[in-house]
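J.: One file: target04.pdb (PDB, C-alpha atoms, pLDDT in the B column).
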ATOM      1  CA  MET F  20    -113.526   6.712  69.564  1.00 66.00           C
ATOM      2  CA  SER F  21    -110.492   8.954  69.224  1.00 80.00           C
ATOM      3  CA  LYS F  22    -110.845  12.695  68.913  1.00 87.00           C
ATOM      4  CA  ASN F  23    -109.602  14.796  66.031  1.00 89.00           C
ATOM      5  CA  ILE F  24    -106.162  16.267  66.830  1.00 90.00           C
ATOM      6  CA  SER F  25    -107.666  19.778  66.770  1.00 89.00           C
ATOM      7  CA  GLU F  26    -109.931  18.820  69.703  1.00 94.00           C
ATOM      8  CA  LEU F  27    -106.986  17.821  71.924  1.00 96.00           C
ATOM      9  CA  VAL F  28    -105.215  20.139  74.362  1.00 96.00           C
ATOM     10  CA  PHE F  29    -101.439  20.722  74.442  1.00 98.00           C
ATOM     11  CA  PRO F  30    -100.528  23.409  77.023  1.00 98.00           C
ATOM     12  CA  ASP F  31     -97.788  25.769  75.863  1.00 97.00           C
ATOM     13  CA  ASP F  32     -96.000  25.727  79.245  1.00 97.00           C
ATOM     14  CA  LEU F  33     -95.119  22.031  78.869  1.00 98.00           C
ATOM     15  CA  ARG F  34     -92.467  20.172  76.884  1.00 98.00           C
ATOM     16  CA  TYR F  35     -93.289  16.865  75.198  1.00 98.00           C
ATOM     17  CA  SER F  36     -91.300  13.753  74.303  1.00 98.00           C
ATOM     18  CA  ASP F  37     -91.870  11.765  71.139  1.00 96.00           C
ATOM     19  CA  GLU F  38     -92.963   8.976  73.515  1.00 97.00           C
ATOM     20  CA  HIS F  39     -96.021  11.121  74.440  1.00 98.00           C
ATOM     21  CA  VAL F  40     -94.856  12.101  77.933  1.00 98.00           C
ATOM     22  CA  TRP F  41     -95.147  15.745  78.995  1.00 98.00           C
ATOM     23  CA  VAL F  42     -92.992  17.516  81.544  1.00 98.00           C
ATOM     24  CA  ARG F  43     -93.622  20.731  83.499  1.00 97.00           C
ATOM     25  CA  LEU F  44     -90.389  22.128  84.922  1.00 96.00           C
ATOM     26  CA  ASP F  45     -90.543  23.855  88.288  1.00 93.00           C
ATOM     27  CA  GLY F  46     -87.017  24.859  89.285  1.00 92.00           C
ATOM     28  CA  GLU F  47     -85.029  21.662  89.884  1.00 95.00           C
ATOM     29  CA  GLU F  48     -88.161  19.523  89.902  1.00 97.00           C
ATOM     30  CA  ALA F  49     -90.593  18.490  87.204  1.00 97.00           C
ATOM     31  CA  LEU F  50     -94.019  16.966  87.024  1.00 98.00           C
ATOM     32  CA  ALA F  51     -94.639  14.424  84.254  1.00 98.00           C
ATOM     33  CA  GLY F  52     -97.528  12.494  82.760  1.00 98.00           C
ATOM     34  CA  ILE F  53     -98.909  11.401  79.401  1.00 98.00           C
ATOM     35  CA  SER F  54    -100.276  13.807  76.820  1.00 98.00           C
ATOM     36  CA  ASP F  55    -103.904  14.352  75.884  1.00 98.00           C
ATOM     37  CA  TYR F  56    -103.106  12.631  72.577  1.00 97.00           C
ATOM     38  CA  ALA F  57    -101.728   9.564  74.368  1.00 97.00           C
ATOM     39  CA  GLN F  58    -104.650   9.201  76.782  1.00 97.00           C
ATOM     40  CA  ASP F  59    -107.080   9.688  73.875  1.00 96.00           C
ATOM     41  CA  GLN F  60    -105.383   6.939  71.842  1.00 95.00           C
ATOM     42  CA  LEU F  61    -105.269   4.560  74.822  1.00 96.00           C
ATOM     43  CA  GLY F  62    -108.910   4.937  75.726  1.00 95.00           C
ATOM     44  CA  GLU F  63    -110.039   4.299  79.290  1.00 96.00           C
ATOM     45  CA  VAL F  64    -106.988   3.770  81.500  1.00 98.00           C
ATOM     46  CA  ALA F  65    -107.363   0.687  83.700  1.00 98.00           C
ATOM     47  CA  PHE F  66    -103.989   0.572  85.500  1.00 98.00           C
ATOM     48  CA  VAL F  67    -100.795   2.612  85.890  1.00 98.00           C
ATOM     49  CA  GLU F  68     -97.630   0.868  87.076  1.00 98.00           C
ATOM     50  CA  LEU F  69     -95.764   3.487  89.110  1.00 97.00           C
ATOM     51  CA  PRO F  70     -92.023   3.418  89.853  1.00 98.00           C
ATOM     52  CA  GLU F  71     -90.614   3.392  93.375  1.00 98.00           C
ATOM     53  CA  THR F  72     -89.882   6.739  95.012  1.00 98.00           C
ATOM     54  CA  GLY F  73     -86.101   7.195  95.043  1.00 98.00           C
ATOM     55  CA  ALA F  74     -85.550   5.288  91.790  1.00 98.00           C
ATOM     56  CA  GLU F  75     -83.313   7.046  89.270  1.00 98.00           C
ATOM     57  CA  PHE F  76     -83.742   6.943  85.516  1.00 98.00           C
ATOM     58  CA  ALA F  77     -81.968   8.408  82.503  1.00 98.00           C
ATOM     59  CA  ALA F  78     -83.934  10.288  79.857  1.00 97.00           C
ATOM     60  CA  GLY F  79     -85.546   7.749  77.538  1.00 97.00           C
ATOM     61  CA  GLU F  80     -85.504   4.900  80.087  1.00 98.00           C
ATOM     62  CA  GLU F  81     -88.698   3.008  80.835  1.00 98.00           C
ATOM     63  CA  PHE F  82     -90.101   3.946  84.247  1.00 98.00           C
ATOM     64  CA  GLY F  83     -93.475   2.215  84.231  1.00 98.00           C
ATOM     65  CA  THR F  84     -96.436   1.098  82.156  1.00 98.00           C
ATOM     66  CA  ILE F  85     -99.947   2.288  81.511  1.00 98.00           C
ATOM     67  CA  GLU F  86    -102.719  -0.144  80.646  1.00 98.00           C
ATOM     68  CA  SER F  87    -106.050   0.445  78.993  1.00 96.00           C
ATOM     69  CA  LEU F  88    -108.718  -1.867  77.704  1.00 90.00           C
ATOM     70  CA  LYS F  89    -106.988  -1.566  74.293  1.00 89.00           C
ATOM     71  CA  SER F  90    -103.297  -2.022  75.112  1.00 94.00           C
ATOM     72  CA  VAL F  91    -100.339  -1.815  77.471  1.00 96.00           C
ATOM     73  CA  SER F  92     -97.822   0.956  76.796  1.00 97.00           C
ATOM     74  CA  ASN F  93     -94.429   1.635  78.320  1.00 98.00           C
ATOM     75  CA  LEU F  94     -93.754   4.989  79.961  1.00 98.00           C
ATOM     76  CA  TYR F  95     -90.395   6.619  79.191  1.00 98.00           C
ATOM     77  CA  MET F  96     -88.651   9.327  81.206  1.00 98.00           C
ATOM     78  CA  PRO F  97     -88.691  12.712  79.471  1.00 98.00           C
ATOM     79  CA  VAL F  98     -85.625  13.912  81.440  1.00 98.00           C
ATOM     80  CA  SER F  99     -83.036  12.246  83.664  1.00 98.00           C
ATOM     81  CA  GLY F 100     -83.591  12.307  87.385  1.00 98.00           C
ATOM     82  CA  GLU F 101     -84.838  10.758  90.602  1.00 98.00           C
ATOM     83  CA  ILE F 102     -88.493   9.953  91.260  1.00 98.00           C
ATOM     84  CA  ILE F 103     -89.384  12.014  94.334  1.00 98.00           C
ATOM     85  CA  ALA F 104     -93.150  11.408  94.271  1.00 98.00           C
ATOM     86  CA  VAL F 105     -95.712   9.304  92.462  1.00 98.00           C
ATOM     87  CA  ASN F 106     -99.405  10.018  92.044  1.00 98.00           C
ATOM     88  CA  ASP F 107    -100.799   7.403  94.447  1.00 97.00           C
ATOM     89  CA  ALA F 108    -104.351   8.475  93.535  1.00 98.00           C
ATOM     90  CA  LEU F 109    -103.878   6.623  90.220  1.00 98.00           C
ATOM     91  CA  GLU F 110    -103.819   3.274  92.039  1.00 96.00           C
ATOM     92  CA  ALA F 111    -107.460   3.633  93.109  1.00 97.00           C
ATOM     93  CA  ASN F 112    -108.571   5.808  90.199  1.00 98.00           C
ATOM     94  CA  PRO F 113    -106.428   5.334  87.045  1.00 98.00           C
ATOM     95  CA  THR F 114    -109.032   7.139  84.913  1.00 98.00           C
ATOM     96  CA  LEU F 115    -107.759  10.420  86.407  1.00 98.00           C
ATOM     97  CA  VAL F 116    -105.323  10.220  83.475  1.00 98.00           C
ATOM     98  CA  ASN F 117    -108.283  10.382  81.083  1.00 97.00           C
ATOM     99  CA  ALA F 118    -110.187  13.023  83.043  1.00 97.00           C
ATOM    100  CA  SER F 119    -107.294  15.430  83.617  1.00 98.00           C
ATOM    101  CA  CYS F 120    -103.973  14.241  82.170  1.00 98.00           C
ATOM    102  CA  TYR F 121    -102.194  17.551  82.899  1.00 98.00           C
ATOM    103  CA  GLU F 122    -103.504  18.177  86.420  1.00 98.00           C
ATOM    104  CA  THR F 123    -104.923  15.437  88.683  1.00 98.00           C
ATOM    105  CA  GLY F 124    -103.747  12.696  86.288  1.00 98.00           C
ATOM    106  CA  TRP F 125    -100.020  13.475  86.547  1.00 98.00           C
ATOM    107  CA  ILE F 126     -97.851  10.371  87.035  1.00 98.00           C
ATOM    108  CA  VAL F 127     -94.490  11.266  88.639  1.00 98.00           C
ATOM    109  CA  ARG F 128     -92.560  14.157  90.189  1.00 98.00           C
ATOM    110  CA  ILE F 129     -88.868  14.130  89.262  1.00 98.00           C
ATOM    111  CA  ARG F 130     -85.800  15.768  90.806  1.00 98.00           C
ATOM    112  CA  VAL F 131     -84.204  16.693  87.491  1.00 98.00           C
ATOM    113  CA  SER F 132     -80.494  15.959  87.139  1.00 97.00           C
ATOM    114  CA  ASN F 133     -80.002  17.730  83.788  1.00 93.00           C
ATOM    115  CA  ALA F 134     -82.545  20.487  83.050  1.00 91.00           C
ATOM    116  CA  ALA F 135     -80.911  21.113  79.654  1.00 94.00           C
ATOM    117  CA  GLU F 136     -82.488  17.845  78.466  1.00 96.00           C
ATOM    118  CA  ALA F 137     -85.885  19.557  78.588  1.00 94.00           C
ATOM    119  CA  ASP F 138     -84.674  21.973  75.895  1.00 94.00           C
ATOM    120  CA  LYS F 139     -84.415  19.001  73.521  1.00 96.00           C
ATOM    121  CA  LEU F 140     -88.081  18.100  74.039  1.00 98.00           C
ATOM    122  CA  LEU F 141     -90.844  19.308  71.736  1.00 98.00           C
ATOM    123  CA  SER F 142     -92.817  22.518  72.211  1.00 98.00           C
ATOM    124  CA  ALA F 143     -96.628  22.283  72.163  1.00 98.00           C
ATOM    125  CA  ASP F 144     -96.735  23.261  68.468  1.00 97.00           C
ATOM    126  CA  GLN F 145     -93.962  20.822  67.547  1.00 98.00           C
ATOM    127  CA  TYR F 146     -95.706  18.033  69.454  1.00 98.00           C
ATOM    128  CA  ARG F 147     -99.083  18.778  67.811  1.00 96.00           C
ATOM    129  CA  ASN F 148     -97.388  18.561  64.386  1.00 96.00           C
ATOM    130  CA  PHE F 149     -95.679  15.309  65.427  1.00 97.00           C
ATOM    131  CA  ALA F 150     -98.978  13.800  66.639  1.00 95.00           C
ATOM    132  CA  GLU F 151    -100.728  14.796  63.393  1.00 94.00           C
ATOM    133  CA  GLN F 152     -98.181  12.737  61.434  1.00 94.00           C
ATOM    134  CA  ILE F 153     -98.803   9.520  63.374  1.00 89.00           C
TER     135      ILE F 153
END
Would you mind writing the file out in structure tokens?
T.:
Amino acid sequence: MSKNISELVFPDDLRYSDEHVWVRLDGEEALAGISDYAQDQLGEVAFVELPETGAEFAAGEEFGTIESLKSVSNLYMPVSGEIIAVNDALEANPTLVNASCYETGWIVRIRVSNAAEADKLLSADQYRNFAEQI
């Protein structure tokens, strides 16, 4: 059963895409995963298809999928860049996404090629408003 939007967490230090992927910039790198709203809507995550390290993607390009008992959803890059690490722990324990989507349930680390793209993403308040409208 999905939570009320007011019960979900959207950290202010992150930026969010309208495809429900968050990004935490750290210099020229960024960590990315799916939002609390997205994991709540999916339900229990059963599998995460991770991209290959070294693969490059443009912002908005599909980089993997996430499967739950309810559905399969595509994952889209929040910013352009190269995948420099994937969260291998998700292979054995995909429910880390449900348990801690912003910490242990992160999906990829990106070497960002255009940090200005992050400025086009939604703030926590903008994303909460967006999610309320869905």
J.: Do you know which residues the PyMOL selection byres ((chain F and resi 42) around 10) returns on this file, as a PDB file with C-alpha atoms, keeping the file's coordinate frame?
T.:
ATOM      1  CA  ASP F  32     -96.000  25.727  79.245  1.00 97.00           C
ATOM      2  CA  LEU F  33     -95.119  22.031  78.869  1.00 98.00           C
ATOM      3  CA  ARG F  34     -92.467  20.172  76.884  1.00 98.00           C
ATOM      4  CA  TYR F  35     -93.289  16.865  75.198  1.00 98.00           C
ATOM      5  CA  SER F  36     -91.300  13.753  74.303  1.00 98.00           C
ATOM      6  CA  VAL F  40     -94.856  12.101  77.933  1.00 98.00           C
ATOM      7  CA  TRP F  41     -95.147  15.745  78.995  1.00 98.00           C
ATOM      8  CA  ARG F  43     -93.622  20.731  83.499  1.00 97.00           C
ATOM      9  CA  LEU F  44     -90.389  22.128  84.922  1.00 96.00           C
ATOM     10  CA  ASP F  45     -90.543  23.855  88.288  1.00 93.00           C
ATOM     11  CA  GLU F  48     -88.161  19.523  89.902  1.00 97.00           C
ATOM     12  CA  ALA F  49     -90.593  18.490  87.204  1.00 97.00           C
ATOM     13  CA  LEU F  50     -94.019  16.966  87.024  1.00 98.00           C
ATOM     14  CA  ALA F  51     -94.639  14.424  84.254  1.00 98.00           C
ATOM     15  CA  GLY F  52     -97.528  12.494  82.760  1.00 98.00           C
ATOM     16  CA  ILE F  53     -98.909  11.401  79.401  1.00 98.00           C
ATOM     17  CA  SER F  54    -100.276  13.807  76.820  1.00 98.00           C
ATOM     18  CA  MET F  96     -88.651   9.327  81.206  1.00 98.00           C
ATOM     19  CA  PRO F  97     -88.691  12.712  79.471  1.00 98.00           C
ATOM     20  CA  VAL F  98     -85.625  13.912  81.440  1.00 98.00           C
ATOM     21  CA  TYR F 121    -102.194  17.551  82.899  1.00 98.00           C
ATOM     22  CA  TRP F 125    -100.020  13.475  86.547  1.00 98.00           C
ATOM     23  CA  VAL F 127     -94.490  11.266  88.639  1.00 98.00           C
ATOM     24  CA  ARG F 128     -92.560  14.157  90.189  1.00 98.00           C
ATOM     25  CA  ILE F 129     -88.868  14.130  89.262  1.00 98.00           C
ATOM     26  CA  ALA F 137     -85.885  19.557  78.588  1.00 94.00           C
ATOM     27  CA  LEU F 140     -88.081  18.100  74.039  1.00 98.00           C
TER      28      LEU F 140
END
J.: Just checking: using all atoms listed in the file, which residue out of F:Gly46, F:Pro113, F:Pro30, F:Gly100 ends up closest to Thr84 (chain F)?
T.: F:Pro113
J.: Tell me which of F:Ser99, F:Asn106, F:Ser92, F:Ser119 sits closest to Pro70 (chain F), counting all atoms listed in the file.
T.: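 The closest residue to Pro70 (chain F) is F:Asn106.
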J.: When you draw a straight line from CA of Ala77 (chain F) to CA of Val28 (chain F), how long is it in Å?
T.: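 Interatomic distance here is 27.3 Å.
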J.: Let me make sure I understand: among F:Ala74, F:Glu38, F:Ala108, F:Lys139, which one has the smallest atom-to-atom distance to Gly124 (chain F) if we use only C-alpha atoms?
T.: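 Result for the nearest residue to Gly124 (chain F): F:Ala108.
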J.: Find the distance between CA of Phe149 (chain F) and CA of Phe29 (chain F) and write it in Å to one decimal.
T.: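 CA of Phe149 (chain F) sits 12.0 Å away from CA of Phe29 (chain F).
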J.: Taking all listed atoms of region 67-76 of chain F, build the axis-aligned box, pad each of the six sides by 4 Å, then write its centre and edge lengths in Å to one decimal as lines of an AutoDock Vina configuration file.
T.:
center_x = -92.1
center_y = 4.0
center_z = 90.3
size_x = 25.5
size_y = 14.3
size_z = 17.5
J.: When the PyMOL selection byres ((chain F and resi 24) around 12) is applied to the file above, which residues end up in the set, as a PyMOL selection string?
T.: chain F and resi 21-23+25-29+54-57+59-60+144+146-153
J.: For a quick check of your reading of the model, name the residues lying within 7 Å of the coordinate (-83.9, 17.2, 92.6), counting all atoms listed in the file, and write them as a PDB file with C-alpha atoms, keeping the file's coordinate frame.
T.:
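File written: out_30.pdb
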ATOM      1  CA  GLU F  47     -85.029  21.662  89.884  1.00 95.00           C
ATOM      2  CA  GLU F  48     -88.161  19.523  89.902  1.00 97.00           C
ATOM      3  CA  GLU F 101     -84.838  10.758  90.602  1.00 98.00           C
ATOM      4  CA  ILE F 129     -88.868  14.130  89.262  1.00 98.00           C
ATOM      5  CA  ARG F 130     -85.800  15.768  90.806  1.00 98.00           C
ATOM      6  CA  VAL F 131     -84.204  16.693  87.491  1.00 98.00           C
ATOM      7  CA  SER F 132     -80.494  15.959  87.139  1.00 97.00           C
TER       8      SER F 132
END
J.: Check the smallest atom-to-atom distance from each of F:Thr72, F:Asn133, F:Ser142, F:Gln58 to Ile102 (chain F) using all atoms listed in the file, then report the winner.
T.: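 Nearest to Ile102 (chain F): F:Thr72.
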J.: Which residues fall under the PyMOL selection byres ((chain F and resi 109) around 12) in this file, as a PyMOL selection string?
T.: chain F and resi 52+64-69+85-86+105-108+110-120+123-127
J.: Out of F:Asp37, F:Ile103, F:Ser90, F:Ala135, which residue has the shortest atom-to-atom distance to Phe76 (chain F) when counting only C-alpha atoms?
T.: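 Ranking F:Asp37, F:Ile103, F:Ser90, F:Ala135 by distance to Phe76 (chain F), first place goes to F:Ile103.
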J.: Using Å and a single decimal, report how far CA of Gly83 (chain F) sits from CA of Leu141 (chain F).
T.: 21.3 Å
J.: Can you work out which one of F:Asp138, F:Asp31, F:His39, F:Leu61 has the shortest atom-to-atom distance to Leu94 (chain F), counting only C-alpha atoms?
T.: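 Nearest to Leu94 (chain F): F:His39.
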